[in-house]
>>> print(open('entry_35.txt').read())   # compact mmCIF, C-alpha atoms
# COMPACT_ATOMS: atom_id res chain seq x y z
CA MET A 1 17.15 10.47 4.25
CA ILE A 2 14.23 9.81 6.57
CA ASP A 3 13.93 7.14 9.25
CA ILE A 4 10.95 4.78 9.24
CA LYS A 5 10.31 3.15 12.62
CA GLU A 6 8.23 0.27 11.27
CA THR A 7 9.78 -2.71 9.51
CA ILE A 8 9.12 -2.62 5.77
CA VAL A 9 8.15 -5.89 4.07
CA VAL A 10 9.02 -6.08 0.36
CA GLU A 11 9.02 -8.87 -2.20
CA GLY A 12 12.64 -9.15 -3.29
CA LYS A 13 16.26 -8.06 -2.99
CA ASP A 14 15.97 -5.44 -5.76
CA ASP A 15 13.00 -3.89 -3.93
CA GLU A 16 15.02 -3.92 -0.72
CA THR A 17 17.92 -2.16 -2.45
CA ALA A 18 15.64 0.58 -3.82
CA VAL A 19 13.94 1.14 -0.45
CA ARG A 20 17.29 1.18 1.37
CA ALA A 21 18.52 3.88 -1.01
CA ALA A 22 15.48 6.02 -0.12
CA VAL A 23 14.97 5.54 3.65
CA ASN A 24 16.60 4.22 6.79
CA ALA A 25 14.56 1.24 7.96
CA ASN A 26 14.60 -2.42 8.82
CA ILE A 27 13.50 -4.36 5.72
CA ILE A 28 12.38 -7.98 5.32
CA CYS A 29 12.04 -9.70 1.92
CA THR A 30 9.33 -12.27 1.27
CA HIS A 31 11.18 -13.62 -1.79
CA GLY A 32 7.92 -13.83 -3.74
CA PHE A 33 4.97 -16.18 -3.25
CA GLY A 34 6.93 -18.88 -1.48
CA ILE A 35 7.35 -17.07 1.79
CA ARG A 36 9.61 -19.29 3.84
CA PRO A 37 8.67 -20.10 7.44
CA GLU A 38 11.82 -18.25 8.62
CA ALA A 39 10.70 -15.11 6.79
CA LEU A 40 7.18 -15.37 8.26
CA GLU A 41 8.74 -15.76 11.70
CA LEU A 42 10.84 -12.60 11.18
CA ILE A 43 7.80 -10.70 9.90
CA SER A 44 5.76 -11.87 12.89
CA LYS A 45 8.45 -10.73 15.32
CA ALA A 46 8.71 -7.33 13.59
CA TYR A 47 4.90 -7.03 13.58
CA GLU A 48 4.88 -7.41 17.35
CA GLN A 49 7.93 -5.26 18.09
CA THR A 50 7.98 -2.39 15.58
CA GLY A 51 4.89 -2.83 13.45
CA ILE A 52 5.20 -3.52 9.74
CA ILE A 53 4.50 -1.72 6.48
CA ILE A 54 3.59 -4.01 3.60
CA PHE A 55 5.10 -2.54 0.41
CA THR A 56 4.58 -4.92 -2.52
CA ASP A 57 4.67 -4.40 -6.27
CA PRO A 58 1.52 -2.95 -7.89
CA ASP A 59 0.88 -6.08 -9.96
CA HIS A 60 -1.12 -9.28 -9.53
CA ALA A 61 1.67 -11.12 -7.72
CA GLY A 62 2.28 -8.19 -5.38
CA GLU A 63 -1.41 -7.84 -4.56
CA THR A 64 -1.66 -11.59 -3.87
CA ILE A 65 1.30 -11.42 -1.48
CA ARG A 66 -0.19 -8.28 0.15
CA GLU A 67 -3.52 -10.07 0.71
CA ARG A 68 -1.78 -13.08 2.25
CA LEU A 69 0.30 -10.93 4.59
CA THR A 70 -2.65 -8.72 5.52
CA LYS A 71 -4.66 -11.79 6.53
CA ALA A 72 -1.81 -12.93 8.78
CA PHE A 73 -1.04 -9.41 10.07
CA PRO A 74 -4.31 -7.43 10.00
CA ALA A 75 -2.95 -4.30 11.71
CA ALA A 76 -0.07 -3.97 9.24
CA LYS A 77 0.24 -0.60 7.59
CA GLN A 78 0.12 -0.47 3.80
CA ALA A 79 2.29 1.50 1.34
CA PHE A 80 1.37 1.77 -2.32
CA LEU A 81 2.87 2.88 -5.60
CA THR A 82 0.95 3.17 -8.84
CA LYS A 83 1.91 1.01 -11.80
CA GLY A 84 3.16 4.17 -13.50
CA GLN A 85 5.48 4.99 -10.61
CA ALA A 86 6.84 1.44 -10.48
CA THR A 87 7.25 0.62 -14.18
CA ARG A 88 10.38 0.78 -16.28
CA ALA A 89 10.53 -0.84 -19.74
CA ASP A 90 7.51 -3.12 -19.13
CA ASP A 91 8.89 -4.27 -15.76
CA ILE A 92 6.67 -3.51 -12.76
CA GLY A 93 8.29 -3.42 -9.34
CA ILE A 94 9.19 -1.24 -6.38
CA GLU A 95 12.80 -1.43 -7.59
CA ASN A 96 11.86 0.70 -10.62
CA ALA A 97 10.42 3.61 -8.61
CA ASN A 98 12.31 6.79 -7.92
CA ALA A 99 13.39 7.54 -4.35
CA ASP A 100 10.91 10.42 -3.90
CA ASP A 101 7.93 8.18 -4.75
CA ILE A 102 9.20 5.50 -2.36
CA VAL A 103 9.67 8.05 0.42
CA ASN A 104 6.20 9.55 -0.11
CA ALA A 105 4.51 6.14 -0.11
CA LEU A 106 6.28 5.09 3.09
CA LYS A 107 5.70 8.43 4.83
CA ALA A 108 1.99 8.20 4.05
CA ALA A 109 1.82 4.65 5.41
CA SER A 110 3.91 5.42 8.49
CA ALA A 111 1.68 8.36 9.42
CA ILE A 112 -1.46 6.22 9.65
CA GLU A 113 -3.03 6.52 13.05
CA GLU A 114 -3.73 3.42 15.10
CA GLY A 115 -7.37 2.39 15.30
CA HIS A 116 -8.99 3.51 12.09
CA LYS A 117 -12.72 3.96 11.71
CA ASP A 118 -14.82 3.37 8.64
CA THR A 119 -15.70 6.75 7.17
CA PHE A 120 -16.86 5.72 3.71
CA THR A 121 -19.45 3.30 2.32
CA SER A 122 -19.99 1.88 -1.14
CA ASP A 123 -22.74 4.52 -1.59
CA ASP A 124 -20.07 7.23 -1.21
CA LEU A 125 -17.96 5.60 -3.91
CA PHE A 126 -20.97 5.47 -6.23
CA LEU A 127 -21.83 9.14 -5.64
CA LEU A 128 -18.24 10.10 -6.47
CA GLY A 129 -18.22 7.98 -9.64
CA LEU A 130 -15.66 5.54 -8.25
CA VAL A 131 -17.92 2.49 -8.74
CA GLY A 132 -20.86 1.69 -10.95
CA PHE A 133 -19.86 3.59 -14.09
CA ASP A 134 -17.96 2.72 -17.26
CA ASN A 135 -15.06 4.97 -16.28
CA SER A 136 -15.00 4.08 -12.56
CA SER A 137 -11.88 1.93 -12.82
CA LYS A 138 -9.96 4.77 -14.48
CA ARG A 139 -11.24 7.23 -11.85
CA ARG A 140 -10.15 4.92 -8.99
CA GLU A 141 -6.73 4.67 -10.61
CA GLU A 142 -6.40 8.48 -10.81
CA VAL A 143 -7.80 9.11 -7.32
CA GLY A 144 -5.74 6.26 -5.81
CA ALA A 145 -2.57 7.75 -7.30
CA LYS A 146 -3.33 11.20 -5.87
CA LEU A 147 -4.12 9.76 -2.43
CA GLY A 148 -1.21 7.32 -2.43
CA ILE A 149 -3.41 4.25 -1.92
CA GLY A 150 -2.91 2.57 -5.28
CA CYS A 151 -5.42 1.20 -7.74
CA ALA A 152 -7.88 -1.54 -6.80
CA ASN A 153 -11.35 -2.87 -7.42
CA GLY A 154 -14.22 -1.08 -5.66
CA SER A 155 -14.33 -3.12 -2.46
CA THR A 156 -10.55 -3.08 -1.95
CA PHE A 157 -10.46 0.64 -2.73
CA LEU A 158 -13.14 1.23 -0.10
CA ARG A 159 -11.16 -0.76 2.51
CA ARG A 160 -8.03 1.23 1.70
CA LEU A 161 -9.82 4.57 1.99
CA ASN A 162 -11.09 3.61 5.42
CA TYR A 163 -7.87 1.94 6.60
CA MET A 164 -5.69 4.86 5.55
CA ASN A 165 -7.94 7.31 7.42
CA ILE A 166 -8.56 9.43 4.33
CA THR A 167 -10.90 12.27 5.24
CA ARG A 168 -14.06 13.06 3.31
CA GLU A 169 -12.57 16.47 2.51
CA GLU A 170 -9.41 14.89 1.04
CA LEU A 171 -11.38 12.44 -1.08
CA GLU A 172 -13.81 15.03 -2.40
CA LYS A 173 -10.96 17.40 -3.24
CA VAL A 174 -9.12 14.83 -5.39
CA CYS A 175 -12.36 13.67 -7.02
CA LYS A 176 -13.09 17.17 -8.40
>>> encode(input="entry_35.txt", output="structure tokens")
Amino acid sequence: MIDIKETIVVEGKDDETAVRAAVNANIICTHGFGIRPEALELISKAYEQTGIIIFTDPDHAGETIRERLTKAFPAAKQAFLTKGQATRADDIGIENANADDIVNALKAASAIEEGHKDTFTSDDLFLLGLVGFDNSSKRREEVGAKLGIGCANGSTFLRRLNYMNITREELEKVCK
């Protein structure tokens, strides 16, 4: 079992249980949309002291919570699972993922270097077929899964590529 130095922020108790079974880390639950002031205070303290990794479900609710937390904590690291990795019997959530997928997502997020720089532009995404084509959404889903950055619309995908310090070589390799 690996140790994660950052505090991991998840949505619920079942997510916390699954993450705890996969890694050693401090974990804070948001308990869904209604993030209580006490939880925000804990997240804020962890953000300052250890840094945080936002690890929400790959569904609409999870993305909404992720956006809210990212606005409040812009330097937070981000961990992602695909819907396929986090789905069991029509239920989408971190709690449904296997331990290896959880570990890989958190290791990728934890390894992000401080102070990212924007490497990619929307023109790059177009040239790689990730925006502007009928199959672009499907391609982003496939590429996002391979890179461990999840699926998103074009502008969010671009932000994630740049935030996660994906190299041009890595992106081009998975786009082939």
>>> closest_residue(input="entry_35.txt", among="A:Ile4, A:Leu81, A:Val10, A:Ala21", to="Ile65 (chain A)", atoms="all atoms listed in the file")
A:Val10
>>> atom_distance(input="entry_35.txt", atom1="CA of Ala86 (chain A)", atom2="CA of Thr56 (chain A)")
10.4 Å
>>> closest_residue(input="entry_35.txt", among="A:Cys175, A:Met164, A:Ser155, A:Gly51", to="Val143 (chain A)", atoms="all atoms listed in the file")
A:Cys175
>>> atom_distance(input="entry_35.txt", atom1="CA of Val131 (chain A)", atom2="CA of Asn153 (chain A)")
8.6 Å
>>> residues_around(input="entry_35.txt", residues="region 35-50 of chain A", least_positions_apart="5", cutoff="7 Å", atoms="only C-alpha atoms", output="JSON, numbers by chain")
{"A": [5, 6, 7, 30]}
>>> atom_distance(input="entry_35.txt", atom1="CA of Lys71 (chain A)", atom2="CA of Ala22 (chain A)")
27.7 Å
>>> residues_around(input="entry_35.txt", residues="Lys13 (chain A)", least_positions_apart="6", cutoff="9 Å", atoms="only C-alpha atoms", output="JSON list (two decimals) with C-alpha atoms, in the frame of the given file")
[["chain", "number", "residue", "atom", "x", "y", "z"],
["A", 29, "CYS", "CA", 12.04, -9.70, 1.92],
["A", 31, "HIS", "CA", 11.18, -13.62, -1.79],
["A", 95, "GLU", "CA", 12.80, -1.43, -7.59]]
>>> closest_residue(input="entry_35.txt", among="A:Gly93, A:Gly144, A:Gly12, A:Gly154", to="Asp123 (chain A)", atoms="all atoms listed in the file")
A:Gly154
>>> closest_residue(input="entry_35.txt", among="A:Asn24, A:Asn96, A:Asn104, A:Thr64", to="Gly148 (chain A)", atoms="all atoms listed in the file")
A:Asn104
>>> residues_near_point(input="entry_35.txt", point="(0.6, -6.6, -3.9)", cutoff="10 Å", atoms="all atoms listed in the file", output="compact mmCIF listing (two decimals) with C-alpha atoms, keeping the file's coordinate frame")
# COMPACT_ATOMS: atom_id res chain seq x y z
CA VAL A 10 9.02 -6.08 0.36
CA GLU A 11 9.02 -8.87 -2.20
CA ILE A 54 3.59 -4.01 3.60
CA PHE A 55 5.10 -2.54 0.41
CA THR A 56 4.58 -4.92 -2.52
CA ASP A 57 4.67 -4.40 -6.27
CA PRO A 58 1.52 -2.95 -7.89
CA ASP A 59 0.88 -6.08 -9.96
CA HIS A 60 -1.12 -9.28 -9.53
CA ALA A 61 1.67 -11.12 -7.72
CA GLY A 62 2.28 -8.19 -5.38
CA GLU A 63 -1.41 -7.84 -4.56
CA THR A 64 -1.66 -11.59 -3.87
CA ILE A 65 1.30 -11.42 -1.48
CA ARG A 66 -0.19 -8.28 0.15
CA GLU A 67 -3.52 -10.07 0.71
CA ARG A 68 -1.78 -13.08 2.25
CA LEU A 69 0.30 -10.93 4.59
CA GLN A 78 0.12 -0.47 3.80
CA ALA A 79 2.29 1.50 1.34
CA PHE A 80 1.37 1.77 -2.32
CA LEU A 81 2.87 2.88 -5.60
CA GLY A 93 8.29 -3.42 -9.34
CA GLY A 150 -2.91 2.57 -5.28
>>> residues_around(input="entry_35.txt", residues="Ile149 (chain A)", least_positions_apart="6", cutoff="12 Å", atoms="all atoms listed in the file", output="mmCIF file with C-alpha atoms, in the coordinates of the input")
data_model
loop_
_atom_site.group_PDB
_atom_site.id
_atom_site.type_symbol
_atom_site.label_atom_id
_atom_site.label_comp_id
_atom_site.auth_asym_id
_atom_site.auth_seq_id
_atom_site.Cartn_x
_atom_site.Cartn_y
_atom_site.Cartn_z
ATOM 1 C CA PHE A 55 5.100 -2.540 0.410
ATOM 2 C CA PRO A 58 1.520 -2.950 -7.890
ATOM 3 C CA LYS A 77 0.240 -0.600 7.590
ATOM 4 C CA GLN A 78 0.120 -0.470 3.800
ATOM 5 C CA ALA A 79 2.290 1.500 1.340
ATOM 6 C CA PHE A 80 1.370 1.770 -2.320
ATOM 7 C CA LEU A 81 2.870 2.880 -5.600
ATOM 8 C CA THR A 82 0.950 3.170 -8.840
ATOM 9 C CA LYS A 83 1.910 1.010 -11.800
ATOM 10 C CA ASN A 104 6.200 9.550 -0.110
ATOM 11 C CA ALA A 105 4.510 6.140 -0.110
ATOM 12 C CA LEU A 106 6.280 5.090 3.090
ATOM 13 C CA ALA A 108 1.990 8.200 4.050
ATOM 14 C CA ALA A 109 1.820 4.650 5.410
ATOM 15 C CA ILE A 112 -1.460 6.220 9.650
ATOM 16 C CA ARG A 140 -10.150 4.920 -8.990
ATOM 17 C CA GLU A 141 -6.730 4.670 -10.610
ATOM 18 C CA GLU A 142 -6.400 8.480 -10.810
ATOM 19 C CA VAL A 143 -7.800 9.110 -7.320
ATOM 20 C CA THR A 156 -10.550 -3.080 -1.950
ATOM 21 C CA PHE A 157 -10.460 0.640 -2.730
ATOM 22 C CA LEU A 158 -13.140 1.230 -0.100
ATOM 23 C CA ARG A 159 -11.160 -0.760 2.510
ATOM 24 C CA ARG A 160 -8.030 1.230 1.700
ATOM 25 C CA LEU A 161 -9.820 4.570 1.990
ATOM 26 C CA ASN A 162 -11.090 3.610 5.420
ATOM 27 C CA TYR A 163 -7.870 1.940 6.600
ATOM 28 C CA MET A 164 -5.690 4.860 5.550
ATOM 29 C CA ASN A 165 -7.940 7.310 7.420
ATOM 30 C CA ILE A 166 -8.560 9.430 4.330
ATOM 31 C CA LEU A 171 -11.380 12.440 -1.080
#
>>> closest_residue(input="entry_35.txt", among="A:Leu130, A:Ile2, A:Arg88, A:Ile102", to="Glu16 (chain A)", atoms="all atoms listed in the file")
A:Ile102
>>> residues_near_point(input="entry_35.txt", point="(12.1, -5.3, 7.5)", cutoff="6 Å", atoms="only C-alpha atoms", output="list of chain:residue names")
A:Thr7, A:Ile8, A:Val9, A:Asn26, A:Ile27, A:Ile28
>>> closest_residue(input="entry_35.txt", among="A:Thr70, A:Gln85, A:Leu127, A:Asp134", to="Asn98 (chain A)", atoms="only C-alpha atoms")
A:Gln85
